[in-house]
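For reference, the structure is listed below as structure tokens.
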Amino acid sequence: MKILIIGNGLHTSKRILPALSSIDNVNLIEIIDRKKTSIEKFGNTVIKNFNHIDKNSFYDFVIIASTPNAHLENFEQVKSYSDIFLIEKPLSNSSKIFEYKKFLKDHSTKRILEGLMYMHHPLWEKVQKVYNSNKLERIQANFTIPHIDRNNFRYQQDKGGGFTYDLGIYPLSLFFGLYKEDYVIDNFTKTTQNNFDIDLGGKIEITTKSGIKFNSKWGISDAYSNELILETNQDSYYFPFIFSKPDGYQSFFEISSNDEIKRNEVGTYNQFTLMYKNIMKNNLNEFSTLNDQEKTYNLLFDLMKK
């Protein structure tokens with residue numbers, strides 16, 4: 001396997017490279033770093049800039065891991081180098097994202113996938129099974145974090161920053177990954193502060209056609225939260241660390257029923273490794289569909305206008 005990565009930031013070094021390096025049939029990883037003036041080699045990893053790409057190269061897949069504002073531009077630069085492109089979330093902070101749909105229609109062999117790694121963890125399979133096997137009344141999905149380094153691109157509007165794009169994408173993609181019918185937004189609140197030119201998060205309340213109440217909050221908060229709760233009339237299913245997971249995390253979920261709590265062990269997995277393996281095995285149906293992507297980003301862009 002020969003893989004091209006666009007972007008050489010913290011996410012690449014902390015998450016992408018360790019996951020790819022753990023897969024036996026990855027023979028070559030090329031990383032594009034626009035700051036590099038010469039080619040650097042470390043084992044089967046090569047770091048270089050765009051000018052060093054062989055124009056006749058073809059890769060098993062391309063990972064675009066630059067800042068969100070550059071995703072579309074980077075895709076245009078490399079769209080002839082592979083048939084499969086994994087773009088880190090958010091796919092883009094611009095409504096021009098929907099130009100991908102026309103491109104895919106004109107190039108039937110190409111696939112554009114979104115890097116929502118949580119959908120490749122076995123915990124997500126448990127969520128889907130609970131959702132499909134029960135009459136749910138309420139869904140609560142939260143992803144909040146304390147403030148991070150203020151130099152991070154997430155605080156910079158010109159780089160595609162903002163915490164609805166960065167964190168809101170998780171619960172909203174989860175909603176559309178589960179629910180396929182009509183819905184009504186009962187309430188939405190965007191969190192802002194005068195000393196920031198980006199949003200710091202949001203809170204949304206949705207009622208589905210079948211009567212399910214979906215509530216979610218995301219963004220900067222005093223308390224860290226990363227959880228999903230599914231509730232029926234009698235039972236509650238609690239999934240901690242549903243989205244991001246610490247290294248070596250022993251995943252589980254709990255079922256609360258009749259004042260009893262049952263813990264169900266799921267196991268330790270690297271969800272990035274599982275995501276890349278799904279590409280290599282051509283399990284592309286494990287990724288969010290183009291239709292779900294469009295619904296998610298239509299809602300994201302509408303919320304950001306409020």
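Ligands are numbered from 1 in the order shown, residues from 1 within each chain, and chains are lettered A, B, ... in the order they appear in the structure tokens.
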message = I want to know what sits within 8 Å of Val184 of chain A, based on only C-alpha atoms, with residues of the same chain fewer than 4 positions away left out; could you give that as a ChimeraX atom specification?
response = /A:206-209
Name the residues of segment 136-206 of chain A that come out as strand (DSSP E) in a backbone DSSP run; write them as a PDB file with N, CA and C atoms, in the first residue's frame.
```
ATOM      1  N   ARG A 138     -35.502   9.414  23.527  1.00  0.00           N
ATOM      2  CA  ARG A 138     -34.565  10.526  23.634  1.00  0.00           C
ATOM      3  C   ARG A 138     -33.152  10.093  23.266  1.00  0.00           C
ATOM      4  N   ILE A 139     -32.434  11.027  22.638  1.00  0.00           N
ATOM      5  CA  ILE A 139     -31.008  10.847  22.343  1.00  0.00           C
ATOM      6  C   ILE A 139     -30.279  12.093  22.819  1.00  0.00           C
ATOM      7  N   GLN A 140     -29.228  11.902  23.603  1.00  0.00           N
ATOM      8  CA  GLN A 140     -28.392  13.020  24.056  1.00  0.00           C
ATOM      9  C   GLN A 140     -26.966  12.739  23.622  1.00  0.00           C
ATOM     10  N   ALA A 141     -26.379  13.651  22.846  1.00  0.00           N
ATOM     11  CA  ALA A 141     -25.003  13.483  22.367  1.00  0.00           C
ATOM     12  C   ALA A 141     -24.230  14.762  22.664  1.00  0.00           C
ATOM     13  N   ASN A 142     -23.162  14.654  23.454  1.00  0.00           N
ATOM     14  CA  ASN A 142     -22.400  15.823  23.877  1.00  0.00           C
ATOM     15  C   ASN A 142     -20.918  15.645  23.581  1.00  0.00           C
ATOM     16  N   PHE A 143     -20.284  16.747  23.158  1.00  0.00           N
ATOM     17  CA  PHE A 143     -18.832  16.745  22.989  1.00  0.00           C
ATOM     18  C   PHE A 143     -18.321  18.142  23.321  1.00  0.00           C
ATOM     19  N   THR A 144     -17.858  18.307  24.549  1.00  0.00           N
ATOM     20  CA  THR A 144     -17.334  19.605  24.988  1.00  0.00           C
ATOM     21  C   THR A 144     -15.937  19.422  25.570  1.00  0.00           C
ATOM     22  N   ILE A 145     -15.104  20.448  25.397  1.00  0.00           N
ATOM     23  CA  ILE A 145     -13.720  20.394  25.882  1.00  0.00           C
ATOM     24  C   ILE A 145     -13.361  21.739  26.516  1.00  0.00           C
ATOM     25  N   TYR A 183     -37.280  16.004  10.330  1.00  0.00           N
ATOM     26  CA  TYR A 183     -37.095  16.478  11.690  1.00  0.00           C
ATOM     27  C   TYR A 183     -37.392  17.974  11.748  1.00  0.00           C
ATOM     28  N   VAL A 184     -37.579  18.466  12.966  1.00  0.00           N
ATOM     29  CA  VAL A 184     -37.811  19.891  13.196  1.00  0.00           C
ATOM     30  C   VAL A 184     -36.823  20.370  14.251  1.00  0.00           C
ATOM     31  N   ILE A 185     -36.168  21.495  13.992  1.00  0.00           N
ATOM     32  CA  ILE A 185     -35.273  22.092  14.992  1.00  0.00           C
ATOM     33  C   ILE A 185     -36.113  22.931  15.943  1.00  0.00           C
ATOM     34  N   ASP A 186     -36.191  22.511  17.203  1.00  0.00           N
ATOM     35  CA  ASP A 186     -36.976  23.232  18.204  1.00  0.00           C
ATOM     36  C   ASP A 186     -36.214  24.421  18.761  1.00  0.00           C
ATOM     37  N   ASN A 187     -34.894  24.277  18.870  1.00  0.00           N
ATOM     38  CA  ASN A 187     -34.107  25.357  19.446  1.00  0.00           C
ATOM     39  C   ASN A 187     -32.639  25.182  19.057  1.00  0.00           C
ATOM     40  N   PHE A 188     -31.965  26.298  18.830  1.00  0.00           N
ATOM     41  CA  PHE A 188     -30.519  26.275  18.608  1.00  0.00           C
ATOM     42  C   PHE A 188     -29.912  27.529  19.213  1.00  0.00           C
ATOM     43  N   THR A 189     -28.825  27.341  19.929  1.00  0.00           N
ATOM     44  CA  THR A 189     -28.093  28.454  20.525  1.00  0.00           C
ATOM     45  C   THR A 189     -26.621  28.324  20.170  1.00  0.00           C
ATOM     46  N   LYS A 190     -26.055  29.384  19.633  1.00  0.00           N
ATOM     47  CA  LYS A 190     -24.632  29.395  19.297  1.00  0.00           C
ATOM     48  C   LYS A 190     -23.876  30.152  20.380  1.00  0.00           C
ATOM     49  N   THR A 191     -22.736  29.591  20.802  1.00  0.00           N
ATOM     50  CA  THR A 191     -21.924  30.213  21.845  1.00  0.00           C
ATOM     51  C   THR A 191     -20.843  31.089  21.228  1.00  0.00           C
ATOM     52  N   GLY A 201     -19.034  27.081  20.143  1.00  0.00           N
ATOM     53  CA  GLY A 201     -19.844  25.878  20.301  1.00  0.00           C
ATOM     54  C   GLY A 201     -21.311  26.158  20.073  1.00  0.00           C
ATOM     55  N   GLY A 202     -22.135  25.213  20.498  1.00  0.00           N
ATOM     56  CA  GLY A 202     -23.561  25.368  20.309  1.00  0.00           C
ATOM     57  C   GLY A 202     -24.360  24.319  21.055  1.00  0.00           C
ATOM     58  N   LYS A 203     -25.661  24.522  21.010  1.00  0.00           N
ATOM     59  CA  LYS A 203     -26.599  23.595  21.645  1.00  0.00           C
ATOM     60  C   LYS A 203     -27.829  23.509  20.756  1.00  0.00           C
ATOM     61  N   ILE A 204     -28.331  22.293  20.539  1.00  0.00           N
ATOM     62  CA  ILE A 204     -29.458  22.115  19.630  1.00  0.00           C
ATOM     63  C   ILE A 204     -30.468  21.139  20.212  1.00  0.00           C
ATOM     64  N   GLU A 205     -31.739  21.391  19.916  1.00  0.00           N
ATOM     65  CA  GLU A 205     -32.830  20.495  20.297  1.00  0.00           C
ATOM     66  C   GLU A 205     -33.632  20.187  19.037  1.00  0.00           C
ATOM     67  N   ILE A 206     -33.801  18.909  18.754  1.00  0.00           N
ATOM     68  CA  ILE A 206     -34.475  18.461  17.536  1.00  0.00           C
ATOM     69  C   ILE A 206     -35.564  17.460  17.908  1.00  0.00           C
TER      70      ILE A 206
END
```
Could the residues of segment 113-214 of chain A that have an atom at most 10 Å from segment 262-273 of chain A be listed as a tab-separated table, each with its closest atom pair and the distance in Å to one decimal, counting only C-alpha atoms and ordered by chain and ascending residue number?
```
residue	atom	partner	partner_atom	distance
A:Gly115	CA	A:Phe272	CA	8.7
A:Leu116	CA	A:Phe272	CA	9.0
A:Met117	CA	A:Gln271	CA	5.7
A:Tyr118	CA	A:Gln271	CA	6.3
A:Met119	CA	A:Gln271	CA	8.2
A:His120	CA	A:Gln271	CA	5.9
A:His121	CA	A:Gln271	CA	5.2
A:Pro122	CA	A:Val266	CA	7.1
A:Leu123	CA	A:Val266	CA	6.7
A:Lys126	CA	A:Val266	CA	8.8
```
How about saving the chosen residues, C-alpha atoms kept, as a PDB file, in the first residue's frame?
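As a result, result_21.pdb now contains:
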```pdb
ATOM      1  CA  GLY A 115     -12.607  10.964   8.439  1.00  0.00           C
ATOM      2  CA  LEU A 116     -15.216  10.356  11.135  1.00  0.00           C
ATOM      3  CA  MET A 117     -13.184   7.729  12.947  1.00  0.00           C
ATOM      4  CA  TYR A 118     -15.769   6.946  15.626  1.00  0.00           C
ATOM      5  CA  MET A 119     -17.960   5.255  12.995  1.00  0.00           C
ATOM      6  CA  HIS A 120     -15.336   2.518  12.611  1.00  0.00           C
ATOM      7  CA  HIS A 121     -15.099   1.554  16.265  1.00  0.00           C
ATOM      8  CA  PRO A 122     -17.121  -1.491  17.459  1.00  0.00           C
ATOM      9  CA  LEU A 123     -18.855   0.851  19.921  1.00  0.00           C
ATOM     10  CA  LYS A 126     -23.455  -1.330  19.449  1.00  0.00           C
TER      11      LYS A 126
END
```
inquiry  = Quick one: residues within 7 Å of segment 296-304 of chain A, only C-alpha atoms, excluding same-chain residues fewer than 4 positions away - as a PyMOL selection string?
reply    = chain A and resi 172-173+176+292
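Residues within 7 Å of Ser257 of chain A, counting only C-alpha atoms and excluding same-chain residues fewer than 6 positions away, are Gln234, Asp235 and Ser236 of chain A.
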key: Which of A:Val46, A:Leu178, A:Ile198, A:Val130 sits closest to Gly161 of chain A [using only C-alpha atoms]   =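 Among A:Val46, A:Leu178, A:Ile198, A:Val130, it is A:Ile198 that comes nearest to Gly161 of chain A.
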request  = Using DSSP on the backbone coordinates, identify the residues of segment 60-202 of chain A assigned to helix (DSSP H, G or I); present them as a ChimeraX atom specification.
outcome  = /A:68-78,95-106,117-120,122-133,153-155,157-159,163-178
Writing out the chosen residues with C-alpha atoms as a PDB file, in the first residue's frame:
```
ATOM      1  CA  PRO A  68     -10.278  22.953   6.846  1.00  0.00           C
ATOM      2  CA  ASN A  69      -9.971  26.110   4.759  1.00  0.00           C
ATOM      3  CA  ALA A  70      -7.427  24.315   2.518  1.00  0.00           C
ATOM      4  CA  HIS A  71      -9.267  21.009   2.003  1.00  0.00           C
ATOM      5  CA  LEU A  72     -10.903  21.955  -1.291  1.00  0.00           C
ATOM      6  CA  GLU A  73      -7.724  23.490  -2.691  1.00  0.00           C
ATOM      7  CA  ASN A  74      -5.664  20.471  -1.653  1.00  0.00           C
ATOM      8  CA  PHE A  75      -8.161  18.101  -3.226  1.00  0.00           C
ATOM      9  CA  GLU A  76      -7.889  19.981  -6.513  1.00  0.00           C
ATOM     10  CA  GLN A  77      -4.116  19.578  -6.337  1.00  0.00           C
ATOM     11  CA  VAL A  78      -4.154  15.799  -5.836  1.00  0.00           C
ATOM     12  CA  SER A  95     -20.571  25.469   0.909  1.00  0.00           C
ATOM     13  CA  LYS A  96     -18.372  24.851  -2.131  1.00  0.00           C
ATOM     14  CA  ILE A  97     -18.050  21.411  -0.568  1.00  0.00           C
ATOM     15  CA  PHE A  98     -21.029  20.377  -2.663  1.00  0.00           C
ATOM     16  CA  GLU A  99     -18.848  20.678  -5.753  1.00  0.00           C
ATOM     17  CA  TYR A 100     -17.531  17.279  -4.618  1.00  0.00           C
ATOM     18  CA  LYS A 101     -20.889  15.795  -5.566  1.00  0.00           C
ATOM     19  CA  LYS A 102     -20.590  16.975  -9.176  1.00  0.00           C
ATOM     20  CA  PHE A 103     -17.013  15.726  -9.330  1.00  0.00           C
ATOM     21  CA  LEU A 104     -18.059  12.269  -8.144  1.00  0.00           C
ATOM     22  CA  LYS A 105     -20.892  12.192 -10.665  1.00  0.00           C
ATOM     23  CA  ASP A 106     -18.433  12.949 -13.467  1.00  0.00           C
ATOM     24  CA  MET A 117     -13.184   7.729  12.947  1.00  0.00           C
ATOM     25  CA  TYR A 118     -15.769   6.946  15.626  1.00  0.00           C
ATOM     26  CA  MET A 119     -17.960   5.255  12.995  1.00  0.00           C
ATOM     27  CA  HIS A 120     -15.336   2.518  12.611  1.00  0.00           C
ATOM     28  CA  PRO A 122     -17.121  -1.491  17.459  1.00  0.00           C
ATOM     29  CA  LEU A 123     -18.855   0.851  19.921  1.00  0.00           C
ATOM     30  CA  TRP A 124     -20.646   2.444  16.962  1.00  0.00           C
ATOM     31  CA  GLU A 125     -21.970  -0.991  15.956  1.00  0.00           C
ATOM     32  CA  LYS A 126     -23.455  -1.330  19.449  1.00  0.00           C
ATOM     33  CA  VAL A 127     -25.091   2.093  19.110  1.00  0.00           C
ATOM     34  CA  GLN A 128     -26.668   1.132  15.790  1.00  0.00           C
ATOM     35  CA  LYS A 129     -27.932  -2.155  17.205  1.00  0.00           C
ATOM     36  CA  VAL A 130     -29.547  -0.415  20.194  1.00  0.00           C
ATOM     37  CA  TYR A 131     -31.083   2.205  17.914  1.00  0.00           C
ATOM     38  CA  ASN A 132     -32.505  -0.347  15.484  1.00  0.00           C
ATOM     39  CA  SER A 133     -33.763  -2.762  18.164  1.00  0.00           C
ATOM     40  CA  PHE A 153      -6.123  26.855  14.011  1.00  0.00           C
ATOM     41  CA  ARG A 154      -9.536  26.212  15.610  1.00  0.00           C
ATOM     42  CA  TYR A 155      -9.415  29.768  16.976  1.00  0.00           C
ATOM     43  CA  GLN A 157     -11.483  31.960  11.219  1.00  0.00           C
ATOM     44  CA  ASP A 158      -9.265  32.313   8.143  1.00  0.00           C
ATOM     45  CA  LYS A 159      -8.078  28.720   8.618  1.00  0.00           C
ATOM     46  CA  PHE A 163     -15.942  24.741  17.304  1.00  0.00           C
ATOM     47  CA  THR A 164     -19.210  23.913  15.583  1.00  0.00           C
ATOM     48  CA  TYR A 165     -17.251  22.776  12.532  1.00  0.00           C
ATOM     49  CA  ASP A 166     -14.669  21.027  14.707  1.00  0.00           C
ATOM     50  CA  LEU A 167     -16.830  19.413  17.415  1.00  0.00           C
ATOM     51  CA  GLY A 168     -20.434  19.907  16.287  1.00  0.00           C
ATOM     52  CA  ILE A 169     -19.741  17.721  13.269  1.00  0.00           C
ATOM     53  CA  TYR A 170     -19.591  14.696  15.593  1.00  0.00           C
ATOM     54  CA  PRO A 171     -23.078  14.711  17.165  1.00  0.00           C
ATOM     55  CA  LEU A 172     -24.701  16.032  14.001  1.00  0.00           C
ATOM     56  CA  SER A 173     -23.126  13.321  11.832  1.00  0.00           C
ATOM     57  CA  LEU A 174     -24.220  10.798  14.464  1.00  0.00           C
ATOM     58  CA  PHE A 175     -27.799  12.050  14.205  1.00  0.00           C
ATOM     59  CA  PHE A 176     -27.893  11.657  10.430  1.00  0.00           C
ATOM     60  CA  GLY A 177     -26.017   8.370  10.648  1.00  0.00           C
ATOM     61  CA  LEU A 178     -28.891   6.976  12.711  1.00  0.00           C
TER      62      LEU A 178
END
```
inquiry  = Would you compute the distance between atom CA of Phe287 of chain A and atom CA of Leu91 of chain A? Give it in Å to one decimal.
reply    = 13.2 Å
query = Could you pull the residues within 12 Å of segment 274-279 of chain A, counting only C-alpha atoms, minus those fewer than 6 positions along the same chain, as a PyMOL selection string?
reply = chain A and resi 1+3+15-26+60-63+83-86+88+111-122+268+285-288
Just write the chosen residues, N, CA and C atoms, as a compact mmCIF listing (two decimals), in the first residue's frame.
```
# COMPACT_ATOMS: atom_id res chain seq x y z
N MET A 1 0.83 -1.20 0.00
CA MET A 1 0.00 0.00 0.00
C MET A 1 0.87 1.26 0.00
N ILE A 3 0.52 5.38 0.34
CA ILE A 3 -0.44 6.35 0.84
C ILE A 3 0.17 7.75 0.84
N ARG A 15 -1.96 10.97 15.46
CA ARG A 15 -3.02 10.00 15.19
C ARG A 15 -2.82 9.21 13.90
N ILE A 16 -2.54 9.93 12.80
CA ILE A 16 -2.54 9.27 11.50
C ILE A 16 -1.33 8.35 11.34
N LEU A 17 -0.13 8.88 11.56
CA LEU A 17 1.08 8.07 11.35
C LEU A 17 1.15 6.84 12.25
N PRO A 18 0.90 6.95 13.56
CA PRO A 18 0.94 5.74 14.39
C PRO A 18 -0.05 4.68 13.94
N ALA A 19 -1.24 5.09 13.50
CA ALA A 19 -2.24 4.13 13.05
C ALA A 19 -1.81 3.44 11.77
N LEU A 20 -1.30 4.22 10.81
CA LEU A 20 -0.85 3.62 9.55
C LEU A 20 0.37 2.73 9.76
N SER A 21 1.26 3.15 10.66
CA SER A 21 2.49 2.39 10.90
C SER A 21 2.22 1.03 11.55
N SER A 22 1.04 0.88 12.14
CA SER A 22 0.71 -0.39 12.79
C SER A 22 0.12 -1.41 11.81
N ILE A 23 -0.06 -1.00 10.56
CA ILE A 23 -0.67 -1.88 9.56
C ILE A 23 0.43 -2.47 8.69
N ASP A 24 0.49 -3.79 8.62
CA ASP A 24 1.61 -4.49 7.99
C ASP A 24 1.79 -4.17 6.51
N ASN A 25 0.70 -4.06 5.76
CA ASN A 25 0.85 -3.92 4.31
C ASN A 25 0.96 -2.48 3.83
N VAL A 26 1.27 -1.55 4.76
CA VAL A 26 1.58 -0.18 4.35
C VAL A 26 3.07 -0.11 4.04
N ASP A 60 -2.74 4.35 -3.34
CA ASP A 60 -3.89 3.53 -2.99
C ASP A 60 -4.99 4.38 -2.37
N PHE A 61 -4.60 5.36 -1.55
CA PHE A 61 -5.54 6.40 -1.13
C PHE A 61 -4.78 7.61 -0.62
N VAL A 62 -5.49 8.72 -0.59
CA VAL A 62 -4.92 10.00 -0.16
C VAL A 62 -5.68 10.46 1.08
N ILE A 63 -4.94 10.91 2.09
CA ILE A 63 -5.54 11.50 3.29
C ILE A 63 -5.27 13.00 3.27
N ASP A 83 -7.92 7.15 -6.51
CA ASP A 83 -9.37 7.03 -6.68
C ASP A 83 -10.11 7.20 -5.35
N ILE A 84 -9.36 7.14 -4.25
CA ILE A 84 -9.99 7.22 -2.93
C ILE A 84 -9.33 8.34 -2.11
N PHE A 85 -10.17 9.24 -1.59
CA PHE A 85 -9.69 10.38 -0.83
C PHE A 85 -10.40 10.41 0.52
N LEU A 86 -9.63 10.36 1.58
CA LEU A 86 -10.17 10.48 2.93
C LEU A 86 -9.87 11.89 3.41
N GLU A 88 -10.21 14.73 6.31
CA GLU A 88 -10.48 14.89 7.73
C GLU A 88 -11.67 15.82 7.94
N ARG A 111 -13.93 8.10 -5.03
CA ARG A 111 -14.69 8.14 -3.79
C ARG A 111 -14.09 9.17 -2.85
N ILE A 112 -14.95 10.00 -2.25
CA ILE A 112 -14.52 10.96 -1.25
C ILE A 112 -15.15 10.56 0.08
N LEU A 113 -14.31 10.23 1.05
CA LEU A 113 -14.75 9.74 2.35
C LEU A 113 -14.42 10.77 3.42
N GLU A 114 -15.22 10.78 4.47
CA GLU A 114 -14.97 11.72 5.56
C GLU A 114 -14.35 10.98 6.75
N GLY A 115 -13.34 11.60 7.36
CA GLY A 115 -12.61 10.96 8.44
C GLY A 115 -13.30 11.03 9.78
N LEU A 116 -14.50 10.45 9.87
CA LEU A 116 -15.22 10.36 11.13
C LEU A 116 -14.86 9.01 11.75
N MET A 117 -13.78 8.98 12.49
CA MET A 117 -13.18 7.73 12.95
C MET A 117 -14.07 6.95 13.89
N TYR A 118 -14.95 7.65 14.64
CA TYR A 118 -15.77 6.95 15.63
C TYR A 118 -16.73 5.94 14.98
N MET A 119 -17.05 6.15 13.70
CA MET A 119 -17.96 5.25 12.99
C MET A 119 -17.32 3.91 12.63
N HIS A 120 -16.04 3.76 12.95
CA HIS A 120 -15.34 2.52 12.61
C HIS A 120 -14.99 1.71 13.86
N HIS A 121 -15.34 2.24 15.00
CA HIS A 121 -15.10 1.55 16.27
C HIS A 121 -16.28 0.61 16.55
N PRO A 122 -16.02 -0.56 17.12
CA PRO A 122 -17.12 -1.49 17.46
C PRO A 122 -18.20 -0.88 18.36
N THR A 268 -10.50 -2.79 23.54
CA THR A 268 -9.54 -1.73 23.20
C THR A 268 -9.23 -1.78 21.72
N ASN A 285 -18.62 1.02 2.59
CA ASN A 285 -19.97 1.21 3.13
C ASN A 285 -19.94 1.51 4.63
N GLU A 286 -18.77 1.39 5.26
CA GLU A 286 -18.63 1.72 6.68
C GLU A 286 -18.49 3.22 6.90
N PHE A 287 -18.35 3.98 5.83
CA PHE A 287 -18.21 5.43 5.93
C PHE A 287 -19.57 6.11 5.75
N SER A 288 -19.67 7.34 6.19
CA SER A 288 -20.91 8.09 6.02
C SER A 288 -21.22 8.23 4.53
```
task = In Å, rounded to a single decimal, give me how far atom CA of Phe196 of chain A is from atom CA of Ile87 of chain A.
result =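 Between atom CA of Ile87 of chain A and atom CA of Phe196 of chain A the gap is 26.6 Å.
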message = Just the number, please: distance in Å from atom CA of Glu227 of chain A to atom CA of Phe253 of chain A, one decimal.
response = 10.1 Å
